[in-house]
>>> print(open('upload-v1.cif').read())   # mmCIF, C-alpha atoms
data_query
loop_
_atom_site.label_atom_id
_atom_site.label_comp_id
_atom_site.auth_asym_id
_atom_site.auth_seq_id
_atom_site.Cartn_x
_atom_site.Cartn_y
_atom_site.Cartn_z
CA MET U 669 -8.87 -252.01 -50.68
CA GLY U 670 -6.95 -249.25 -52.41
CA LEU U 671 -8.01 -246.14 -54.27
CA THR U 672 -8.82 -245.58 -57.88
CA LEU U 673 -6.76 -243.00 -59.69
CA HIS U 674 -10.02 -241.03 -59.89
CA GLN U 675 -10.09 -240.87 -56.08
CA ILE U 676 -6.38 -240.01 -55.98
CA VAL U 677 -6.99 -237.08 -58.33
CA GLY U 678 -9.47 -235.77 -55.78
CA HIS U 679 -7.30 -236.33 -52.70
CA LEU U 680 -4.26 -234.66 -54.32
CA GLU U 681 -6.30 -231.92 -56.03
CA ALA U 682 -4.48 -233.07 -59.13
CA GLU U 683 -4.80 -232.20 -62.78
CA VAL U 684 -5.01 -235.08 -65.24
CA LEU U 685 -2.50 -234.41 -68.01
CA ALA U 686 -2.61 -237.69 -69.93
CA TYR U 687 -4.49 -240.95 -70.35
CA PRO U 688 -7.70 -240.23 -68.42
CA GLU U 689 -8.97 -243.55 -69.81
CA GLY U 690 -6.86 -245.27 -67.11
CA LEU U 691 -8.31 -243.48 -64.09
CA ASP U 692 -10.34 -246.51 -62.99
CA ARG U 693 -7.10 -248.37 -62.16
CA VAL U 694 -6.93 -249.35 -58.48
CA VAL U 695 -3.83 -248.37 -56.53
CA THR U 696 -2.80 -250.06 -53.29
CA HIS U 697 0.93 -249.17 -53.20
CA ALA U 698 3.06 -246.23 -54.22
CA GLN U 699 6.70 -245.22 -54.45
CA GLY U 700 8.07 -241.70 -54.11
CA SER U 701 11.36 -241.22 -55.98
CA ASP U 702 13.28 -238.94 -58.30
CA LEU U 703 15.73 -241.73 -59.07
CA MET U 704 14.45 -243.84 -61.94
CA SER U 705 17.08 -246.54 -61.45
CA ASP U 706 15.72 -247.03 -57.93
CA VAL U 707 12.22 -247.29 -59.32
CA LEU U 708 13.40 -249.92 -61.80
CA ALA U 709 15.27 -251.79 -59.06
CA PHE U 710 12.74 -251.72 -56.26
CA SER U 711 9.30 -251.00 -57.64
CA HIS U 712 6.58 -253.56 -57.88
CA PRO U 713 4.37 -253.75 -60.93
CA ASN U 714 0.98 -252.18 -60.34
CA CYS U 715 2.20 -249.41 -58.06
CA LEU U 716 1.93 -245.64 -58.48
CA LEU U 717 5.01 -243.44 -58.91
CA ILE U 718 5.16 -240.05 -57.19
CA THR U 719 8.07 -237.96 -58.47
CA GLY U 720 9.53 -234.51 -58.87
CA LEU U 721 10.89 -235.34 -62.31
CA ALA U 722 8.90 -234.50 -65.41
CA ASN U 723 10.94 -235.82 -68.32
CA HIS U 724 10.60 -238.55 -70.94
CA GLN U 725 12.48 -241.07 -68.80
CA VAL U 726 9.81 -240.93 -66.09
CA ILE U 727 7.17 -242.08 -68.56
CA ARG U 728 9.44 -244.72 -70.09
CA THR U 729 10.31 -245.97 -66.60
CA ALA U 730 6.61 -246.26 -65.77
CA GLU U 731 5.95 -248.15 -68.99
CA VAL U 732 8.96 -250.46 -68.64
CA ALA U 733 8.21 -251.24 -64.98
CA GLY U 734 4.48 -251.67 -65.57
CA LEU U 735 3.42 -248.93 -63.16
CA LEU U 736 -0.21 -247.83 -62.85
CA GLY U 737 0.47 -244.14 -63.29
CA VAL U 738 2.67 -241.16 -62.45
CA VAL U 739 2.02 -238.18 -60.16
CA VAL U 740 4.30 -235.18 -60.70
CA VAL U 741 4.56 -232.98 -57.60
CA ARG U 742 5.09 -229.25 -56.97
CA SER U 743 2.88 -228.20 -59.90
CA LYS U 744 5.56 -229.16 -62.41
CA ARG U 745 4.20 -229.20 -65.93
CA PRO U 746 5.92 -231.72 -68.20
CA ALA U 747 6.70 -230.67 -71.77
CA GLU U 748 4.00 -231.37 -74.30
CA ALA U 749 6.12 -234.15 -75.86
CA VAL U 750 6.25 -235.88 -72.47
CA ILE U 751 2.47 -235.62 -72.08
CA LEU U 752 2.00 -237.06 -75.56
CA LEU U 753 4.38 -239.92 -74.73
CA ALA U 754 2.34 -240.71 -71.59
CA GLN U 755 -0.84 -240.81 -73.64
CA GLU U 756 0.82 -243.04 -76.24
CA CYS U 757 2.16 -245.40 -73.55
CA GLU U 758 -1.23 -245.41 -71.77
CA VAL U 759 0.35 -244.08 -68.57
CA PRO U 760 -2.05 -241.86 -66.58
CA LEU U 761 -0.09 -238.68 -65.79
CA LEU U 762 -1.22 -236.41 -62.96
CA SER U 763 0.17 -233.14 -61.66
CA THR U 764 -0.42 -231.87 -58.12
CA ARG U 765 0.52 -228.62 -56.42
CA LEU U 766 1.49 -230.64 -53.32
CA GLY U 767 5.13 -231.37 -52.57
CA MET U 768 6.52 -234.89 -52.41
CA PHE U 769 6.14 -235.29 -48.63
CA ASP U 770 2.61 -233.92 -48.56
CA ALA U 771 1.50 -235.99 -51.55
CA CYS U 772 2.91 -239.20 -50.05
CA GLY U 773 1.46 -238.38 -46.61
CA THR U 774 -1.97 -237.62 -48.05
CA LEU U 775 -2.10 -240.94 -49.89
CA PHE U 776 -0.80 -242.82 -46.84
CA THR U 777 -3.61 -241.41 -44.68
CA HIS U 778 -6.05 -242.76 -47.26
CA GLY U 779 -4.65 -246.26 -47.03
CA ILE U 780 -2.00 -246.36 -49.76
CA ARG U 781 1.15 -248.13 -48.57
CA GLY U 782 4.79 -248.00 -49.59
CA MET U 783 6.96 -250.64 -51.16
CA SER U 784 8.46 -251.77 -47.85
CA ASP U 785 5.75 -254.35 -47.21
CA LEU U 786 5.96 -255.79 -50.74
CA ALA U 787 8.58 -258.32 -51.61
CA ARG U 788 10.33 -257.66 -54.88
CA PRO U 789 9.20 -260.17 -57.52
CA SER U 790 11.50 -263.17 -57.49
CA HIS U 791 12.71 -264.64 -60.74
CA LYS U 792 15.77 -266.66 -59.85
CA MET N 1211 28.86 -263.55 -63.37
CA THR N 1212 27.64 -266.51 -65.35
CA SER N 1213 28.69 -266.62 -68.97
CA PRO N 1214 25.72 -267.25 -71.30
CA ASN N 1215 27.49 -269.60 -73.68
CA HIS N 1216 25.67 -272.93 -73.50
CA GLY N 1217 22.19 -274.39 -73.00
CA PRO N 1218 18.79 -273.83 -74.66
CA GLN N 1219 20.02 -270.46 -75.92
CA ASP N 1220 21.86 -272.39 -78.65
CA LEU N 1221 18.57 -272.11 -80.58
CA LEU N 1222 18.53 -268.32 -80.41
CA GLN N 1223 17.55 -266.50 -83.57
CA LEU N 1224 18.03 -262.81 -84.28
CA VAL N 1225 14.71 -260.96 -84.29
CA GLN N 1226 15.83 -257.37 -84.82
CA THR N 1227 18.71 -254.96 -84.28
CA PHE N 1228 17.94 -251.44 -83.10
CA ILE N 1229 20.26 -248.41 -83.34
CA ILE N 1230 20.75 -246.32 -80.19
CA LYS N 1231 21.83 -242.71 -80.63
CA GLY N 1232 24.45 -241.32 -78.26
CA ASP N 1233 23.72 -238.29 -76.09
CA ASP N 1234 20.10 -238.03 -77.25
CA PHE N 1235 18.52 -237.88 -73.81
CA ALA N 1236 15.00 -237.15 -75.05
CA ALA N 1237 14.97 -240.35 -77.12
CA ALA N 1238 16.75 -242.46 -74.50
CA GLY N 1239 14.58 -245.43 -73.67
CA SER N 1240 12.58 -245.46 -76.89
CA VAL N 1241 14.37 -248.56 -78.19
CA SER N 1242 13.51 -250.44 -75.00
CA LEU N 1243 9.84 -249.54 -75.40
CA ALA N 1244 9.97 -250.86 -78.98
CA ILE N 1245 11.48 -254.13 -77.72
CA LYS N 1246 8.82 -254.44 -75.04
CA LYS N 1247 6.06 -253.82 -77.59
CA LEU N 1248 7.53 -256.39 -79.97
CA LEU N 1249 7.79 -259.07 -77.28
CA LYS N 1250 4.29 -258.31 -76.00
CA GLU N 1251 2.92 -258.84 -79.50
CA VAL N 1252 4.53 -262.30 -79.74
CA GLY N 1253 3.04 -263.28 -76.37
CA PHE N 1254 6.14 -263.13 -74.15
CA PRO N 1255 4.94 -263.69 -70.54
CA PRO N 1256 4.41 -260.45 -68.55
CA GLU N 1257 6.84 -261.07 -65.68
CA ALA N 1258 9.71 -262.07 -67.98
CA LEU N 1259 8.73 -259.24 -70.32
CA ARG N 1260 9.16 -256.78 -67.47
CA ARG N 1261 12.67 -258.13 -66.78
CA VAL N 1262 13.64 -257.87 -70.46
CA ALA N 1263 12.30 -254.32 -70.60
CA ILE N 1264 14.14 -253.20 -67.45
CA THR N 1265 17.36 -254.82 -68.66
CA ALA N 1266 17.05 -253.19 -72.07
CA PHE N 1267 16.20 -249.79 -70.57
CA GLU N 1268 19.13 -249.71 -68.14
CA ALA N 1269 21.50 -250.87 -70.88
CA GLU N 1270 20.11 -248.33 -73.34
CA MET N 1271 20.58 -245.52 -70.81
CA ASN N 1272 24.19 -246.62 -70.34
CA VAL N 1273 24.78 -246.59 -74.10
CA VAL N 1274 23.26 -243.11 -74.40
CA MET N 1275 25.04 -241.66 -71.35
CA TYR N 1276 28.47 -243.31 -71.58
CA GLY N 1277 28.69 -245.29 -74.80
CA GLY N 1278 28.40 -242.62 -77.47
CA GLY N 1279 25.65 -244.61 -79.13
CA GLY N 1280 25.52 -248.21 -80.22
CA GLU N 1281 23.03 -250.94 -80.97
CA VAL N 1282 20.95 -253.57 -79.27
CA SER N 1283 20.04 -256.90 -80.86
CA LEU N 1284 17.14 -259.02 -79.69
CA PHE N 1285 17.34 -262.79 -80.05
CA LEU N 1286 14.64 -265.31 -79.16
CA ALA N 1287 14.57 -269.04 -78.53
CA PRO N 1288 11.88 -271.17 -76.93
CA GLY N 1289 11.87 -270.17 -73.26
CA THR N 1290 14.42 -267.39 -73.43
CA ALA N 1291 15.28 -263.97 -74.82
CA ARG N 1292 18.75 -262.54 -75.33
CA LEU N 1293 19.80 -258.91 -75.54
CA VAL N 1294 23.21 -258.07 -76.99
CA ILE N 1295 24.07 -254.42 -76.46
CA LYS N 1296 27.18 -252.94 -78.09
CA ASP N 1297 28.39 -249.39 -77.59
CA HIS N 1298 31.02 -247.14 -79.17
CA GLY N 1299 32.34 -245.95 -75.80
CA PRO N 1300 35.76 -245.95 -74.20
CA GLY N 1301 35.29 -249.27 -72.37
CA ILE N 1302 34.95 -249.81 -68.63
CA PRO N 1303 38.31 -249.44 -66.83
CA ASP N 1304 37.32 -251.44 -63.73
CA LEU N 1305 34.34 -253.76 -64.26
CA ASP N 1306 34.25 -255.00 -60.66
CA LEU N 1307 33.92 -251.40 -59.49
CA ALA N 1308 31.23 -250.66 -62.09
CA MET N 1309 29.21 -253.63 -60.83
CA GLN N 1310 29.02 -252.18 -57.31
CA GLU N 1311 25.71 -250.52 -56.46
CA GLY N 1312 26.24 -246.79 -56.07
CA TRP N 1313 29.50 -246.46 -57.99
CA SER N 1314 29.07 -244.00 -60.85
CA THR N 1315 30.89 -241.55 -63.11
CA ALA N 1316 27.67 -239.78 -64.09
CA THR N 1317 27.49 -236.06 -64.73
CA ALA N 1318 24.96 -233.73 -63.10
CA ALA N 1319 22.93 -233.72 -66.35
CA MET N 1320 22.66 -237.51 -66.27
CA ARG N 1321 21.54 -237.47 -62.65
CA GLU N 1322 18.91 -234.85 -63.40
CA MET N 1323 17.34 -237.38 -65.77
CA GLY N 1324 16.92 -239.76 -62.86
CA PHE N 1325 19.81 -242.02 -63.80
CA GLY N 1326 23.53 -242.18 -63.11
CA ALA N 1327 23.27 -243.35 -59.51
CA GLY N 1328 25.35 -246.46 -60.02
CA MET N 1329 22.41 -248.87 -60.30
CA GLY N 1330 22.52 -249.66 -64.02
CA LEU N 1331 24.75 -252.72 -64.26
CA PRO N 1332 23.57 -254.12 -60.89
CA ASN N 1333 19.94 -253.77 -62.08
CA ILE N 1334 20.80 -255.56 -65.32
CA ARG N 1335 22.43 -258.37 -63.37
CA LYS N 1336 19.42 -258.68 -61.04
CA ASN N 1337 16.98 -259.00 -63.92
CA SER N 1338 19.02 -261.37 -66.06
CA SER N 1339 19.16 -265.14 -65.86
CA ARG N 1340 22.67 -265.02 -67.35
CA PHE N 1341 24.82 -261.97 -67.89
CA HIS N 1342 28.20 -261.25 -69.41
CA VAL N 1343 30.20 -258.11 -70.15
CA ASP N 1344 33.06 -257.86 -72.64
CA THR N 1345 34.91 -254.59 -72.32
CA ALA N 1346 38.35 -253.26 -73.16
CA LEU N 1347 39.74 -249.76 -72.99
CA GLY N 1348 39.38 -248.06 -76.35
CA GLN N 1349 37.29 -250.88 -77.80
CA GLY N 1350 33.86 -250.28 -76.31
CA THR N 1351 31.64 -252.59 -74.32
CA THR N 1352 29.39 -255.47 -75.32
CA LEU N 1353 26.84 -256.69 -72.81
CA THR N 1354 24.98 -259.97 -73.27
CA ALA N 1355 21.97 -260.71 -71.09
CA ASP N 1356 19.68 -263.74 -71.24
CA ILE N 1357 16.25 -263.62 -69.63
CA ASP N 1358 14.55 -266.99 -69.26
CA ILE N 1359 10.78 -267.34 -69.01
#
>>> encode(input="upload-v1.cif", output="structure tokens")
Amino acid sequence: MGLTLHQIVGHLEAEVLAYPEGLDRVVTHAQGSDLMSDVLAFSHPNCLLITGLANHQVIRTAEVAGLLGVVVVRSKRPAEAVILLAQECEVPLLSTRLGMFDACGTLFTHGIRGMSDLARPSHK
Amino acid sequence: MTSPNHGPQDLLQLVQTFIIKGDDFAAAGSVSLAIKKLLKEVGFPPEALRRVAITAFEAEMNVVMYGGGGEVSLFLAPGTARLVIKDHGPGIPDLDLAMQEGWSTATAAMREMGFGAGMGLPNIRKNSSRFHVDTALGQGTTLTADIDI
């Protein structure tokens, strides 16, 4: 079940910007969001983030929430400092020319599912 | 809100205090990553570690965006971690309102960073075992959050 980030690079025709060492990670679920507070509130560890943002906070959100990697859509190129941060945090960072809807749809057709069917981790 | 003022946290010891710069958006979140790294090195369990990191990150973003800078102190006791976050801001005029999901005074620049959607304090509450806010107009805000293993 799921796709490796290697396979996702192929399906999204993506460029690997940082931490290629993590491309063997297996993704089963993904979340598309430009709102990092939503990612922190509703994401599940071990999911992939697809976003239109390309700043430091995206990488820090991925690291804090324990995400498997980040895909930046619409060919956005993060600043070099952001790419270096991703490498330092061991967060695979991909960039695709696809828009958010197309990137999410492409991954869905290849079996990746959204967060709706995952319960948020309970801690209370 | 439950006040974290009694229980096993009586054994809490200060580990480190970190300074948070105000209005430095590029650095915002770096203190939280340092806290996560520190706790990972001492073997804090992953699920609780994630809750500490999210709590610290949301609080740090609040300090950067609204608090004009401040500091966060990490305390540890067997079975629990405590974050005490103090800012130099104007205080929260209506705490009940600020606790509502979606209520925000964020600027467009804050929202462009992916924050400022009124989820900060609610996210902190969700990830904390105990949570308390002291705030007064003109005197800043101090947030205390305990995360039990």
>>> residues_near_point(input="upload-v1.cif", point="(13.4, -256.1, -70.6)", cutoff="9 Å", atoms="only C-alpha atoms", output="NGL selection string")
(:U and (732)) or (:N and (1242-1243 or 1245-1246 or 1258-1268 or 1293 or 1337-1338 or 1357))
>>> closest_residue(input="upload-v1.cif", among="N:Ser1283, N:Phe1254, N:Ile1295, N:Lys1247", to="Phe1228 in chain N", atoms="only C-alpha atoms")
N:Ser1283
>>> residues_around(input="upload-v1.cif", residues="Ser784 in chain U", least_positions_apart="3", cutoff="12 Å", atoms="all atoms listed in the file", output="list in words")
His697, Ala698, Gln699, Gly700, Phe710, Ser711, His712, Ile780, Arg781, Ala787 and Arg788 of chain U
>>> write_last_selection(input="upload-v1.cif", atoms="C-alpha atoms", output="compact mmCIF listing (two decimals), keeping the file's coordinate frame")
# COMPACT_ATOMS: atom_id res chain seq x y z
CA HIS U 697 0.93 -249.17 -53.20
CA ALA U 698 3.06 -246.23 -54.22
CA GLN U 699 6.70 -245.22 -54.45
CA GLY U 700 8.07 -241.70 -54.11
CA PHE U 710 12.74 -251.72 -56.26
CA SER U 711 9.30 -251.00 -57.64
CA HIS U 712 6.58 -253.56 -57.88
CA ILE U 780 -2.00 -246.36 -49.76
CA ARG U 781 1.15 -248.13 -48.57
CA ALA U 787 8.58 -258.32 -51.61
CA ARG U 788 10.33 -257.66 -54.88
>>> residues_around(input="upload-v1.cif", residues="range 755-763 of chain U", least_positions_apart="4", cutoff="7 Å", atoms="only C-alpha atoms", output="PyMOL selection string")
chain U and resi 682-688+690-691+731+736-741+743-744+751
>>> interface_residues(input="upload-v1.cif", of="chain U", to="chain N", cutoff="6 Å", atoms="only C-alpha atoms", output="list in words")
Asp702, Leu703, Met704, Ser705, Ala709 and Val732 of chain U
>>> write_last_selection(input="upload-v1.cif", atoms="C-alpha atoms", output="PDB file, in the coordinates of the input")
ATOM      1  CA  ASP U 702      13.280-238.940 -58.300  1.00  0.00           C
ATOM      2  CA  LEU U 703      15.730-241.730 -59.070  1.00  0.00           C
ATOM      3  CA  MET U 704      14.450-243.840 -61.940  1.00  0.00           C
ATOM      4  CA  SER U 705      17.080-246.540 -61.450  1.00  0.00           C
ATOM      5  CA  ALA U 709      15.270-251.790 -59.060  1.00  0.00           C
ATOM      6  CA  VAL U 732       8.960-250.460 -68.640  1.00  0.00           C
TER       7      VAL U 732
END
>>> atom_distance(input="upload-v1.cif", atom1="CA of Met1275 in chain N", atom2="CA of Asp1234 in chain N")
8.5 Å
>>> closest_residue(input="upload-v1.cif", among="N:Tyr1276, N:Val1343, N:Ala1269, N:Thr1290", to="Thr1317 in chain N", atoms="all atoms listed in the file")
N:Tyr1276
>>> atom_distance(input="upload-v1.cif", atom1="CA of Met1309 in chain N", atom2="CA of His724 in chain U")
26.0 Å
>>> atom_distance(input="upload-v1.cif", atom1="CA of Pro1255 in chain N", atom2="CA of Leu1224 in chain N")
19.0 Å
>>> residues_around(input="upload-v1.cif", residues="Asn723 in chain U", least_positions_apart="3", cutoff="8 Å", atoms="only C-alpha atoms", output="list in words")
Val726, Ile727, Pro746, Ala747 and Val750 of chain U; Ala1236 and Met1323 of chain N
>>> resolve_selection(input="upload-v1.cif", expression="the PyMOL selection byres ((chain N and resi 1232) around 8)", output="PyMOL selection string")
chain N and resi 1230-1231+1233-1234+1273-1275+1277-1280
>>> residues_around(input="upload-v1.cif", residues="Leu775 in chain U", least_positions_apart="6", cutoff="12 Å", atoms="all atoms listed in the file", output="NGL selection string")
:U and (670-673 or 675-681 or 695-700 or 716-718 or 739 or 766 or 768-769 or 781-782)
>>> write_last_selection(input="upload-v1.cif", atoms="C-alpha atoms", output="PDB file, in the frame of the given file")
ATOM      1  CA  GLY U 670      -6.950-249.250 -52.410  1.00  0.00           C
ATOM      2  CA  LEU U 671      -8.010-246.140 -54.270  1.00  0.00           C
ATOM      3  CA  THR U 672      -8.820-245.580 -57.880  1.00  0.00           C
ATOM      4  CA  LEU U 673      -6.760-243.000 -59.690  1.00  0.00           C
ATOM      5  CA  GLN U 675     -10.090-240.870 -56.080  1.00  0.00           C
ATOM      6  CA  ILE U 676      -6.380-240.010 -55.980  1.00  0.00           C
ATOM      7  CA  VAL U 677      -6.990-237.080 -58.330  1.00  0.00           C
ATOM      8  CA  GLY U 678      -9.470-235.770 -55.780  1.00  0.00           C
ATOM      9  CA  HIS U 679      -7.300-236.330 -52.700  1.00  0.00           C
ATOM     10  CA  LEU U 680      -4.260-234.660 -54.320  1.00  0.00           C
ATOM     11  CA  GLU U 681      -6.300-231.920 -56.030  1.00  0.00           C
ATOM     12  CA  VAL U 695      -3.830-248.370 -56.530  1.00  0.00           C
ATOM     13  CA  THR U 696      -2.800-250.060 -53.290  1.00  0.00           C
ATOM     14  CA  HIS U 697       0.930-249.170 -53.200  1.00  0.00           C
ATOM     15  CA  ALA U 698       3.060-246.230 -54.220  1.00  0.00           C
ATOM     16  CA  GLN U 699       6.700-245.220 -54.450  1.00  0.00           C
ATOM     17  CA  GLY U 700       8.070-241.700 -54.110  1.00  0.00           C
ATOM     18  CA  LEU U 716       1.930-245.640 -58.480  1.00  0.00           C
ATOM     19  CA  LEU U 717       5.010-243.440 -58.910  1.00  0.00           C
ATOM     20  CA  ILE U 718       5.160-240.050 -57.190  1.00  0.00           C
ATOM     21  CA  VAL U 739       2.020-238.180 -60.160  1.00  0.00           C
ATOM     22  CA  LEU U 766       1.490-230.640 -53.320  1.00  0.00           C
ATOM     23  CA  MET U 768       6.520-234.890 -52.410  1.00  0.00           C
ATOM     24  CA  PHE U 769       6.140-235.290 -48.630  1.00  0.00           C
ATOM     25  CA  ARG U 781       1.150-248.130 -48.570  1.00  0.00           C
ATOM     26  CA  GLY U 782       4.790-248.000 -49.590  1.00  0.00           C
TER      27      GLY U 782
END
>>> decode(input="upload-v1.cif", residues="range 1293-1312 of chain N", atoms="N, CA, C and O atoms", output="mmCIF file, in the first residue's frame")
data_model
loop_
_atom_site.group_PDB
_atom_site.id
_atom_site.type_symbol
_atom_site.label_atom_id
_atom_site.label_comp_id
_atom_site.auth_asym_id
_atom_site.auth_seq_id
_atom_site.Cartn_x
_atom_site.Cartn_y
_atom_site.Cartn_z
ATOM 1 N N LEU N 1293 5.990 23.808 29.404
ATOM 2 C CA LEU N 1293 6.461 24.973 28.668
ATOM 3 C C LEU N 1293 5.867 26.211 29.323
ATOM 4 O O LEU N 1293 4.654 26.273 29.544
ATOM 5 N N VAL N 1294 6.714 27.177 29.647
ATOM 6 C CA VAL N 1294 6.239 28.471 30.140
ATOM 7 C C VAL N 1294 6.690 29.521 29.135
ATOM 8 O O VAL N 1294 7.897 29.719 28.936
ATOM 9 N N ILE N 1295 5.731 30.149 28.481
ATOM 10 C CA ILE N 1295 6.031 31.101 27.416
ATOM 11 C C ILE N 1295 5.579 32.490 27.854
ATOM 12 O O ILE N 1295 4.390 32.706 28.130
ATOM 13 N N LYS N 1296 6.525 33.412 27.919
ATOM 14 C CA LYS N 1296 6.226 34.796 28.328
ATOM 15 C C LYS N 1296 6.493 35.713 27.156
ATOM 16 O O LYS N 1296 7.518 35.578 26.480
ATOM 17 N N ASP N 1297 5.599 36.668 26.915
ATOM 18 C CA ASP N 1297 5.861 37.635 25.853
ATOM 19 C C ASP N 1297 5.879 39.053 26.401
ATOM 20 O O ASP N 1297 5.570 39.296 27.573
ATOM 21 N N HIS N 1298 6.295 39.998 25.538
ATOM 22 C CA HIS N 1298 6.380 41.409 25.908
ATOM 23 C C HIS N 1298 5.234 42.186 25.255
ATOM 24 O O HIS N 1298 5.354 43.378 25.020
ATOM 25 N N GLY N 1299 4.144 41.486 24.920
ATOM 26 C CA GLY N 1299 3.069 42.107 24.160
ATOM 27 C C GLY N 1299 2.096 42.909 25.002
ATOM 28 O O GLY N 1299 2.298 43.099 26.203
ATOM 29 N N PRO N 1300 1.028 43.334 24.364
ATOM 30 C CA PRO N 1300 0.058 44.213 25.027
ATOM 31 C C PRO N 1300 -0.948 43.481 25.909
ATOM 32 O O PRO N 1300 -1.770 44.123 26.568
ATOM 33 N N GLY N 1301 -0.875 42.143 25.950
ATOM 34 C CA GLY N 1301 -1.891 41.387 26.682
ATOM 35 C C GLY N 1301 -3.074 41.081 25.783
ATOM 36 O O GLY N 1301 -3.245 41.681 24.713
ATOM 37 N N ILE N 1302 -3.885 40.117 26.196
ATOM 38 C CA ILE N 1302 -5.047 39.701 25.399
ATOM 39 C C ILE N 1302 -6.290 40.333 26.018
ATOM 40 O O ILE N 1302 -6.626 40.045 27.172
ATOM 41 N N PRO N 1303 -6.981 41.208 25.282
ATOM 42 C CA PRO N 1303 -8.128 41.925 25.863
ATOM 43 C C PRO N 1303 -9.283 41.001 26.266
ATOM 44 O O PRO N 1303 -9.913 41.226 27.290
ATOM 45 N N ASP N 1304 -9.550 39.986 25.436
ATOM 46 C CA ASP N 1304 -10.680 39.095 25.710
ATOM 47 C C ASP N 1304 -10.213 37.651 25.487
ATOM 48 O O ASP N 1304 -10.213 37.160 24.360
ATOM 49 N N LEU N 1305 -9.816 36.984 26.559
ATOM 50 C CA LEU N 1305 -9.233 35.645 26.433
ATOM 51 C C LEU N 1305 -10.245 34.631 25.909
ATOM 52 O O LEU N 1305 -9.904 33.758 25.106
ATOM 53 N N ASP N 1306 -11.494 34.728 26.356
ATOM 54 C CA ASP N 1306 -12.515 33.790 25.872
ATOM 55 C C ASP N 1306 -12.648 33.878 24.353
ATOM 56 O O ASP N 1306 -12.776 32.858 23.659
ATOM 57 N N LEU N 1307 -12.610 35.104 23.844
ATOM 58 C CA LEU N 1307 -12.704 35.297 22.393
ATOM 59 C C LEU N 1307 -11.477 34.715 21.696
ATOM 60 O O LEU N 1307 -11.583 34.038 20.660
ATOM 61 N N ALA N 1308 -10.301 34.954 22.278
ATOM 62 C CA ALA N 1308 -9.053 34.465 21.676
ATOM 63 C C ALA N 1308 -8.982 32.946 21.654
ATOM 64 O O ALA N 1308 -8.277 32.362 20.830
ATOM 65 N N MET N 1309 -9.713 32.295 22.561
ATOM 66 C CA MET N 1309 -9.710 30.832 22.596
ATOM 67 C C MET N 1309 -10.626 30.223 21.546
ATOM 68 O O MET N 1309 -10.589 29.022 21.320
ATOM 69 N N GLN N 1310 -11.458 31.035 20.909
ATOM 70 C CA GLN N 1310 -12.381 30.494 19.903
ATOM 71 C C GLN N 1310 -11.639 30.229 18.599
ATOM 72 O O GLN N 1310 -10.912 31.090 18.100
ATOM 73 N N GLU N 1311 -11.854 29.035 18.033
ATOM 74 C CA GLU N 1311 -11.235 28.718 16.750
ATOM 75 C C GLU N 1311 -11.718 29.704 15.695
ATOM 76 O O GLU N 1311 -12.914 29.952 15.562
ATOM 77 N N GLY N 1312 -10.790 30.291 14.977
ATOM 78 C CA GLY N 1312 -11.145 31.177 13.872
ATOM 79 C C GLY N 1312 -11.095 32.649 14.218
ATOM 80 O O GLY N 1312 -11.083 33.484 13.317
#
